[in-house]
>>> print(open('data09.cif').read())   # mmCIF, C-alpha atoms and all ligand atoms
data_final
loop_
_atom_site.group_PDB
_atom_site.id
_atom_site.type_symbol
_atom_site.label_atom_id
_atom_site.label_comp_id
_atom_site.auth_asym_id
_atom_site.auth_seq_id
_atom_site.Cartn_x
_atom_site.Cartn_y
_atom_site.Cartn_z
ATOM 1 C CA MET A 1 38.869 146.196 41.424
ATOM 2 C CA ASN A 2 36.980 149.148 42.857
ATOM 3 C CA LEU A 3 38.410 151.488 45.469
ATOM 4 C CA THR A 4 36.178 150.281 48.282
ATOM 5 C CA LEU A 5 37.253 146.674 47.771
ATOM 6 C CA ALA A 6 40.914 147.689 47.415
ATOM 7 C CA GLY A 7 40.581 149.668 50.637
ATOM 8 C CA GLU A 8 38.984 146.736 52.397
ATOM 9 C CA ILE A 9 41.762 144.368 51.308
ATOM 10 C CA ILE A 10 44.520 146.768 52.417
ATOM 11 C CA CYS A 11 42.734 147.361 55.697
ATOM 12 C CA ASP A 12 42.407 143.579 56.193
ATOM 13 C CA ALA A 13 46.096 143.077 55.413
ATOM 14 C CA VAL A 14 47.138 145.692 57.965
ATOM 15 C CA LEU A 15 44.818 144.272 60.610
ATOM 16 C CA THR A 16 45.965 140.712 59.881
ATOM 17 C CA LEU A 17 49.560 141.789 60.540
ATOM 18 C CA ALA A 18 48.618 143.650 63.701
ATOM 19 C CA TYR A 19 46.140 141.092 65.043
ATOM 20 C CA PRO A 20 46.672 137.734 63.328
ATOM 21 C CA GLN A 21 43.365 135.874 63.272
ATOM 22 C CA ILE A 22 43.450 132.098 63.289
ATOM 23 C CA CYS A 23 40.664 130.093 61.648
ATOM 24 C CA VAL A 24 38.782 128.340 64.479
ATOM 25 C CA ILE A 25 38.267 125.284 62.264
ATOM 26 C CA CYS A 26 41.602 124.608 60.532
ATOM 27 C CA SER A 27 43.981 126.962 62.398
ATOM 28 C CA ARG A 28 45.224 128.579 59.200
ATOM 29 C CA SER A 29 45.344 132.350 59.043
ATOM 30 C CA VAL A 30 42.160 134.244 58.118
ATOM 31 C CA GLU A 31 43.357 136.742 55.505
ATOM 32 C CA ARG A 32 40.104 138.629 55.170
ATOM 33 C CA ARG A 33 38.260 140.126 58.100
ATOM 34 C CA ARG A 34 35.007 139.783 56.156
ATOM 35 C CA PHE A 35 35.043 136.006 56.765
ATOM 36 C CA GLY A 36 34.995 136.355 60.563
ATOM 37 C CA VAL A 37 36.114 133.337 62.575
ATOM 38 C CA ALA A 38 36.724 130.954 59.645
ATOM 39 C CA CYS A 39 39.050 131.135 56.651
ATOM 40 C CA GLU A 40 37.893 131.334 53.052
ATOM 41 C CA SER A 41 38.549 127.661 52.328
ATOM 42 C CA CYS A 42 36.535 126.571 55.388
ATOM 43 C CA TRP A 43 33.697 128.784 54.133
ATOM 44 C CA GLN A 44 33.928 126.976 50.816
ATOM 45 C CA GLU A 45 33.455 123.655 52.642
ATOM 46 C CA THR A 46 30.318 124.998 54.379
ATOM 47 C CA ARG A 47 26.964 124.100 52.889
ATOM 48 C CA ILE A 48 25.070 127.233 51.836
ATOM 49 C CA PHE A 49 21.593 126.621 50.381
ATOM 50 C CA THR A 50 20.939 127.796 46.827
ATOM 51 C CA ASP A 51 17.845 127.992 44.611
ATOM 52 C CA GLY A 52 18.824 124.662 43.025
ATOM 53 C CA ASP A 53 18.598 122.724 46.311
ATOM 54 C CA GLU A 54 15.830 120.194 46.925
ATOM 55 C CA ILE A 55 14.207 121.276 50.188
ATOM 56 C CA CYS A 56 10.939 120.868 52.067
ATOM 57 C CA LEU A 57 8.860 123.795 50.835
ATOM 58 C CA LYS A 58 7.571 124.490 54.318
ATOM 59 C CA CYS A 59 10.432 124.002 56.789
ATOM 60 C CA GLY A 60 13.351 124.236 54.366
ATOM 61 C CA SER A 61 15.027 120.970 55.407
ATOM 62 C CA PRO A 62 17.137 119.373 52.657
ATOM 63 C CA GLY A 63 15.190 116.552 50.970
ATOM 64 C CA PRO A 64 11.783 116.081 49.312
ATOM 65 C CA PRO A 65 9.300 119.024 48.892
ATOM 66 C CA ALA A 66 7.240 117.720 51.840
ATOM 67 C CA CYS A 67 9.436 116.302 54.617
ATOM 68 C CA GLY A 68 6.496 114.837 56.562
ATOM 69 C CA ARG A 69 7.820 116.120 59.899
ATOM 70 C CA CYS A 70 6.804 119.771 59.936
ATOM 71 C CA GLU A 71 2.985 119.750 59.540
ATOM 72 C CA VAL A 72 2.499 120.499 63.241
ATOM 73 C CA LEU A 73 4.717 123.584 63.162
ATOM 74 C CA ALA A 74 2.735 126.843 63.072
ATOM 75 C CA PHE A 75 4.854 129.034 60.777
ATOM 76 C CA THR A 76 4.112 129.586 57.068
ATOM 77 C CA ALA A 77 7.603 128.683 55.797
ATOM 78 C CA ALA A 78 11.154 128.584 57.151
ATOM 79 C CA ARG A 79 14.451 129.140 55.379
ATOM 80 C CA ALA A 80 18.084 129.212 56.504
ATOM 81 C CA VAL A 81 21.363 130.385 55.030
ATOM 82 C CA GLY A 82 22.778 126.860 55.265
ATOM 83 C CA THR A 83 23.549 123.857 57.450
ATOM 84 C CA TYR A 84 24.622 124.256 61.093
ATOM 85 C CA LYS A 85 28.138 122.961 60.426
ATOM 86 C CA GLU A 86 31.640 124.260 59.763
ATOM 87 C CA ALA A 87 31.859 128.031 59.264
ATOM 88 C CA LEU A 88 28.130 128.681 59.830
ATOM 89 C CA ARG A 89 28.185 126.789 63.133
ATOM 90 C CA GLU A 90 31.293 128.674 64.291
ATOM 91 C CA SER A 91 29.777 131.999 63.221
ATOM 92 C CA ALA A 92 26.561 131.239 65.146
ATOM 93 C CA LEU A 93 28.586 130.279 68.246
ATOM 94 C CA MET A 94 30.630 133.477 67.983
ATOM 95 C CA LEU A 95 27.443 135.535 67.664
ATOM 96 C CA LYS A 96 26.365 134.285 71.095
ATOM 97 C CA ARG A 97 29.528 135.802 72.565
ATOM 98 C CA ARG A 98 29.913 138.986 70.497
ATOM 99 C CA PRO A 99 27.145 141.207 69.059
ATOM 100 C CA TYR A 100 28.765 141.458 65.666
ATOM 101 C CA LEU A 101 28.364 139.913 62.214
ATOM 102 C CA PRO A 102 31.245 139.730 59.729
ATOM 103 C CA ARG A 103 30.528 141.151 56.283
ATOM 104 C CA HIS A 104 30.395 137.748 54.578
ATOM 105 C CA VAL A 105 27.725 136.511 57.016
ATOM 106 C CA GLU A 106 25.717 139.707 56.517
ATOM 107 C CA GLU A 107 25.763 139.177 52.760
ATOM 108 C CA LEU A 108 24.661 135.543 53.101
ATOM 109 C CA LEU A 109 21.782 136.569 55.378
ATOM 110 C CA VAL A 110 20.558 139.279 53.039
ATOM 111 C CA ALA A 111 20.746 136.946 50.022
ATOM 112 C CA ALA A 112 18.702 134.329 51.919
ATOM 113 C CA ALA A 113 16.095 136.899 52.999
ATOM 114 C CA LEU A 114 15.633 137.978 49.384
ATOM 115 C CA ARG A 115 14.665 134.495 48.239
ATOM 116 C CA GLU A 116 11.133 133.181 47.808
ATOM 117 C CA PRO A 117 8.839 132.735 49.607
ATOM 118 C CA ILE A 118 10.153 134.772 52.570
ATOM 119 C CA SER A 119 11.040 137.769 50.347
ATOM 120 C CA VAL A 120 7.447 139.085 50.590
ATOM 121 C CA SER A 121 7.874 139.866 54.313
ATOM 122 C CA THR A 122 6.795 143.302 55.498
ATOM 123 C CA ARG A 123 8.086 143.429 59.094
ATOM 124 C CA VAL A 124 11.116 141.925 60.866
ATOM 125 C CA VAL A 125 10.701 140.443 64.351
ATOM 126 C CA PRO A 126 13.553 138.726 66.257
ATOM 127 C CA VAL A 127 12.817 135.752 68.527
ATOM 128 C CA PRO A 128 13.035 137.407 71.949
ATOM 129 C CA LEU A 129 15.300 136.218 74.745
ATOM 130 C CA HIS A 130 13.872 135.986 78.209
ATOM 131 C CA PRO A 131 14.623 139.312 79.999
ATOM 132 C CA LYS A 132 16.754 137.448 82.579
ATOM 133 C CA ARG A 133 18.906 135.844 79.902
ATOM 134 C CA LEU A 134 19.132 139.152 78.042
ATOM 135 C CA GLU A 135 20.462 140.726 81.216
ATOM 136 C CA THR A 136 23.184 138.076 81.582
ATOM 137 C CA ARG A 137 24.264 138.074 77.947
ATOM 138 C CA GLY A 138 23.806 141.786 77.318
ATOM 139 C CA PHE A 139 22.327 141.372 73.853
ATOM 140 C CA ASN A 140 19.986 139.168 71.848
ATOM 141 C CA GLN A 141 21.831 137.402 69.029
ATOM 142 C CA ALA A 142 18.572 137.114 67.034
ATOM 143 C CA SER A 143 18.237 140.913 67.197
ATOM 144 C CA ILE A 144 21.685 141.376 65.644
ATOM 145 C CA ILE A 145 20.620 139.245 62.650
ATOM 146 C CA ALA A 146 17.203 140.942 62.484
ATOM 147 C CA GLU A 147 18.840 144.411 62.466
ATOM 148 C CA THR A 148 21.074 143.489 59.530
ATOM 149 C CA VAL A 149 18.211 142.041 57.484
ATOM 150 C CA ALA A 150 15.757 144.864 58.277
ATOM 151 C CA LYS A 151 18.321 147.506 57.338
ATOM 152 C CA ALA A 152 19.287 145.847 54.038
ATOM 153 C CA LEU A 153 15.677 145.182 53.008
ATOM 154 C CA GLU A 154 14.468 148.555 54.329
ATOM 155 C CA LEU A 155 11.816 146.897 56.473
ATOM 156 C CA PRO A 156 10.656 147.987 59.927
ATOM 157 C CA LEU A 157 12.492 146.210 62.764
ATOM 158 C CA ASP A 158 10.050 145.338 65.526
ATOM 159 C CA GLU A 159 11.662 144.283 68.801
ATOM 160 C CA ALA A 160 8.691 145.322 70.918
ATOM 161 C CA SER A 161 5.658 143.368 69.751
ATOM 162 C CA LEU A 162 6.744 139.852 70.679
ATOM 163 C CA VAL A 163 7.891 139.046 74.218
ATOM 164 C CA ARG A 164 8.942 135.890 76.032
ATOM 165 C CA VAL A 165 6.918 135.297 79.166
ATOM 166 C CA SER A 166 7.880 131.884 80.535
ATOM 167 C CA SER A 167 10.920 131.437 82.739
ATOM 168 C CA PRO A 168 14.163 130.283 81.101
ATOM 169 C CA GLU A 169 14.525 127.653 83.852
ATOM 170 C CA LYS A 170 11.800 125.715 82.079
ATOM 171 C CA TYR A 171 14.148 125.393 79.147
ATOM 172 C CA ARG A 172 15.892 122.035 79.179
ATOM 173 C CA THR A 173 18.171 120.425 76.697
ATOM 174 C CA GLY A 174 17.976 116.804 75.672
ATOM 175 C CA LEU A 175 14.216 116.821 75.224
ATOM 176 C CA ASP A 176 12.635 115.335 72.105
ATOM 177 C CA VAL A 177 10.618 117.430 69.653
ATOM 178 C CA LYS A 178 7.391 117.026 71.611
ATOM 179 C CA GLY A 179 9.070 117.722 74.932
ATOM 180 C CA ARG A 180 10.680 120.850 73.563
ATOM 181 C CA ARG A 181 7.419 121.977 72.048
ATOM 182 C CA ASP A 182 5.677 121.554 75.378
ATOM 183 C CA THR A 183 8.236 123.697 77.199
ATOM 184 C CA VAL A 184 7.892 126.605 74.751
ATOM 185 C CA THR A 185 4.119 126.427 74.173
ATOM 186 C CA GLY A 186 2.653 129.652 75.472
ATOM 187 C CA ALA A 187 6.124 131.046 76.149
ATOM 188 C CA PHE A 188 5.567 134.012 73.817
ATOM 189 C CA ARG A 189 3.023 136.796 73.824
ATOM 190 C CA VAL A 190 2.256 139.646 71.444
ATOM 191 C CA THR A 191 2.038 142.920 73.343
ATOM 192 C CA HIS A 192 1.142 145.155 70.390
ATOM 193 C CA PRO A 193 -1.294 143.204 68.160
ATOM 194 C CA LYS A 194 -2.023 146.327 66.085
ATOM 195 C CA LEU A 195 1.581 146.327 64.854
ATOM 196 C CA VAL A 196 1.504 142.769 63.511
ATOM 197 C CA GLU A 197 -2.086 142.670 62.247
ATOM 198 C CA GLY A 198 -2.246 141.846 58.514
ATOM 199 C CA GLU A 199 1.569 141.791 58.230
ATOM 200 C CA ASP A 200 3.823 139.171 56.651
ATOM 201 C CA ILE A 201 6.233 138.732 59.531
ATOM 202 C CA LEU A 202 9.864 137.756 59.018
ATOM 203 C CA LEU A 203 10.651 136.008 62.295
ATOM 204 C CA VAL A 204 14.415 135.843 62.814
ATOM 205 C CA ASP A 205 16.520 133.503 64.953
ATOM 206 C CA ASP A 206 20.119 132.293 64.936
ATOM 207 C CA VAL A 207 19.636 128.525 64.641
ATOM 208 C CA PHE A 208 16.667 126.361 63.620
ATOM 209 C CA THR A 209 16.836 123.061 65.522
ATOM 210 C CA THR A 210 13.446 121.386 66.008
ATOM 211 C CA GLY A 211 11.454 124.463 65.032
ATOM 212 C CA ALA A 212 9.593 124.356 68.363
ATOM 213 C CA THR A 213 10.627 127.851 69.451
ATOM 214 C CA VAL A 214 9.812 129.600 66.177
ATOM 215 C CA SER A 215 6.565 127.634 65.984
ATOM 216 C CA ALA A 216 5.522 128.895 69.428
ATOM 217 C CA CYS A 217 6.365 132.450 68.305
ATOM 218 C CA ALA A 218 4.386 131.948 65.081
ATOM 219 C CA ASP A 219 1.395 130.720 67.103
ATOM 220 C CA ALA A 220 1.355 133.937 69.104
ATOM 221 C CA LEU A 221 1.888 136.168 66.041
ATOM 222 C CA LEU A 222 -0.804 134.452 63.956
ATOM 223 C CA GLU A 223 -3.228 134.556 66.866
ATOM 224 C CA ALA A 224 -2.583 138.293 67.125
ATOM 225 C CA GLY A 225 -3.615 138.734 63.489
ATOM 226 C CA ALA A 226 -0.417 138.371 61.440
ATOM 227 C CA LYS A 227 -1.202 137.283 57.874
ATOM 228 C CA SER A 228 1.789 134.940 57.655
ATOM 229 C CA VAL A 229 4.944 134.142 59.581
ATOM 230 C CA PHE A 230 8.103 133.415 57.627
ATOM 231 C CA VAL A 231 11.085 132.163 59.582
ATOM 232 C CA MET A 232 14.653 132.935 58.698
ATOM 233 C CA THR A 233 17.706 131.644 60.520
ATOM 234 C CA LEU A 234 21.454 131.785 60.047
ATOM 235 C CA ALA A 235 21.667 127.999 60.130
ATOM 236 C CA ARG A 236 19.563 124.896 60.518
ATOM 237 C CA ALA A 237 20.530 121.733 62.343
HETATM 238 ZN ZN ZN B 1 39.875 127.326 57.950
HETATM 239 ZN ZN ZN B 2 9.351 120.165 56.369
#
>>> encode(input="data09.cif", output="structure tokens", more="lines below")
Ligand SMILES: [Zn+2]
Ligand SMILES: [Zn+2]
Amino acid sequence: MNLTLAGEIICDAVLTLAYPQICVICSRSVERRRFGVACESCWQETRIFTDGDEICLKCGSPGPPACGRCEVLAFTAARAVGTYKEALRESALMLKRRPYLPRHVEELLVAAALREPISVSTRVVPVPLHPKRLETRGFNQASIIAETVAKALELPLDEASLVRVSSPEKYRTGLDVKGRRDTVTGAFRVTHPKLVEGEDILLVDDVFTTGATVSACADALLEAGAKSVFVMTLARA
């Protein structure tokens, strides 16, 4: 065991005594701070995608190489750390409340970003929140993920080029794929086309649900001259 790891374990032990952390899924104690809101055994139950998984080569959904549902989506390819369940779901929910990623989640994100085909990306762009929502929440959860990935991969983090222009009131839940796509079409605009021109963009969001939001972002980025738009999310529904 190296000194850094030993130090981390001792530090975790002290913190666990001082501030006992209960796993939000099974209520057992979380011994290691690096796991965040879930315990190690709940993380083991959580589906994390690996190179051996059968997935749609474009949208990354588990199943055959062409799922038949994602042709209309504008991005080049999308990948996620794993399924929006168990520890990944809880971590994504926590990230909406606190601008912080536990070490384990950071490592999973970086590993996912280093896998083909999204590993060729040259510039990291988070899906922007509407300014009004950003004001209420205080931070953009997609930016927290984008920061981590950009830093680890030593890529430029670009939070300026892509902006959300439509009002968040237009956003409604319970819509089908087409309905959702309609509400986000034209919702994003590239303000600095020179910065994205010819780049392989790594577009980052917390959760991939229908893909409508990232597709609308990809539309704007590709129209502004981006060579490709790869999508990476913490989880996919
Ligand atoms: Zn647990
Ligand atoms: Zn697909």
>>> residues_near_ligand(input="data09.cif", ligand="ligand ZN 1 (chain B)", cutoff="7 Å", atoms="only C-alpha atoms and all ligand atoms", output="ChimeraX atom specification")
/A:23-28,38-42
>>> write_last_selection(input="data09.cif", atoms="C-alpha atoms", output="short mmCIF file (atom, residue, chain, number, x, y, z; two decimals), keeping the file's coordinate frame")
data_model
loop_
_atom_site.label_atom_id
_atom_site.label_comp_id
_atom_site.auth_asym_id
_atom_site.auth_seq_id
_atom_site.Cartn_x
_atom_site.Cartn_y
_atom_site.Cartn_z
CA CYS A 23 40.66 130.09 61.65
CA VAL A 24 38.78 128.34 64.48
CA ILE A 25 38.27 125.28 62.26
CA CYS A 26 41.60 124.61 60.53
CA SER A 27 43.98 126.96 62.40
CA ARG A 28 45.22 128.58 59.20
CA ALA A 38 36.72 130.95 59.64
CA CYS A 39 39.05 131.14 56.65
CA GLU A 40 37.89 131.33 53.05
CA SER A 41 38.55 127.66 52.33
CA CYS A 42 36.53 126.57 55.39
#
>>> residues_around(input="data09.cif", residues="Phe230 in chain A", least_positions_apart="6", cutoff="6 Å", atoms="all atoms listed in the file", output="list in words")
Thr76, Ala77, Ala78, Ile118, Ile201, Leu202 and Leu203 of chain A
>>> write_last_selection(input="data09.cif", atoms="C-alpha atoms", output="PDB file, in the coordinates of the input")
ATOM      1  CA  THR A  76       4.112 129.586  57.068  1.00  0.00           C
ATOM      2  CA  ALA A  77       7.603 128.683  55.797  1.00  0.00           C
ATOM      3  CA  ALA A  78      11.154 128.584  57.151  1.00  0.00           C
ATOM      4  CA  ILE A 118      10.153 134.772  52.570  1.00  0.00           C
ATOM      5  CA  ILE A 201       6.233 138.732  59.531  1.00  0.00           C
ATOM      6  CA  LEU A 202       9.864 137.756  59.018  1.00  0.00           C
ATOM      7  CA  LEU A 203      10.651 136.008  62.295  1.00  0.00           C
TER       8      LEU A 203
END
>>> residues_near_ligand(input="data09.cif", ligand="ligand ZN 2 (chain B)", cutoff="6 Å", atoms="all atoms listed in the file", output="list in words")
Cys56, Lys58, Cys59, Ser61, Ala66, Cys67, Arg69 and Cys70 of chain A
>>> atom_distance(input="data09.cif", atom1="CA of Val105 in chain A", atom2="CA of Arg32 in chain A")
12.7 Å
>>> atom_distance(input="data09.cif", atom1="CA of Ile48 in chain A", atom2="CA of Gly211 in chain A")
19.2 Å
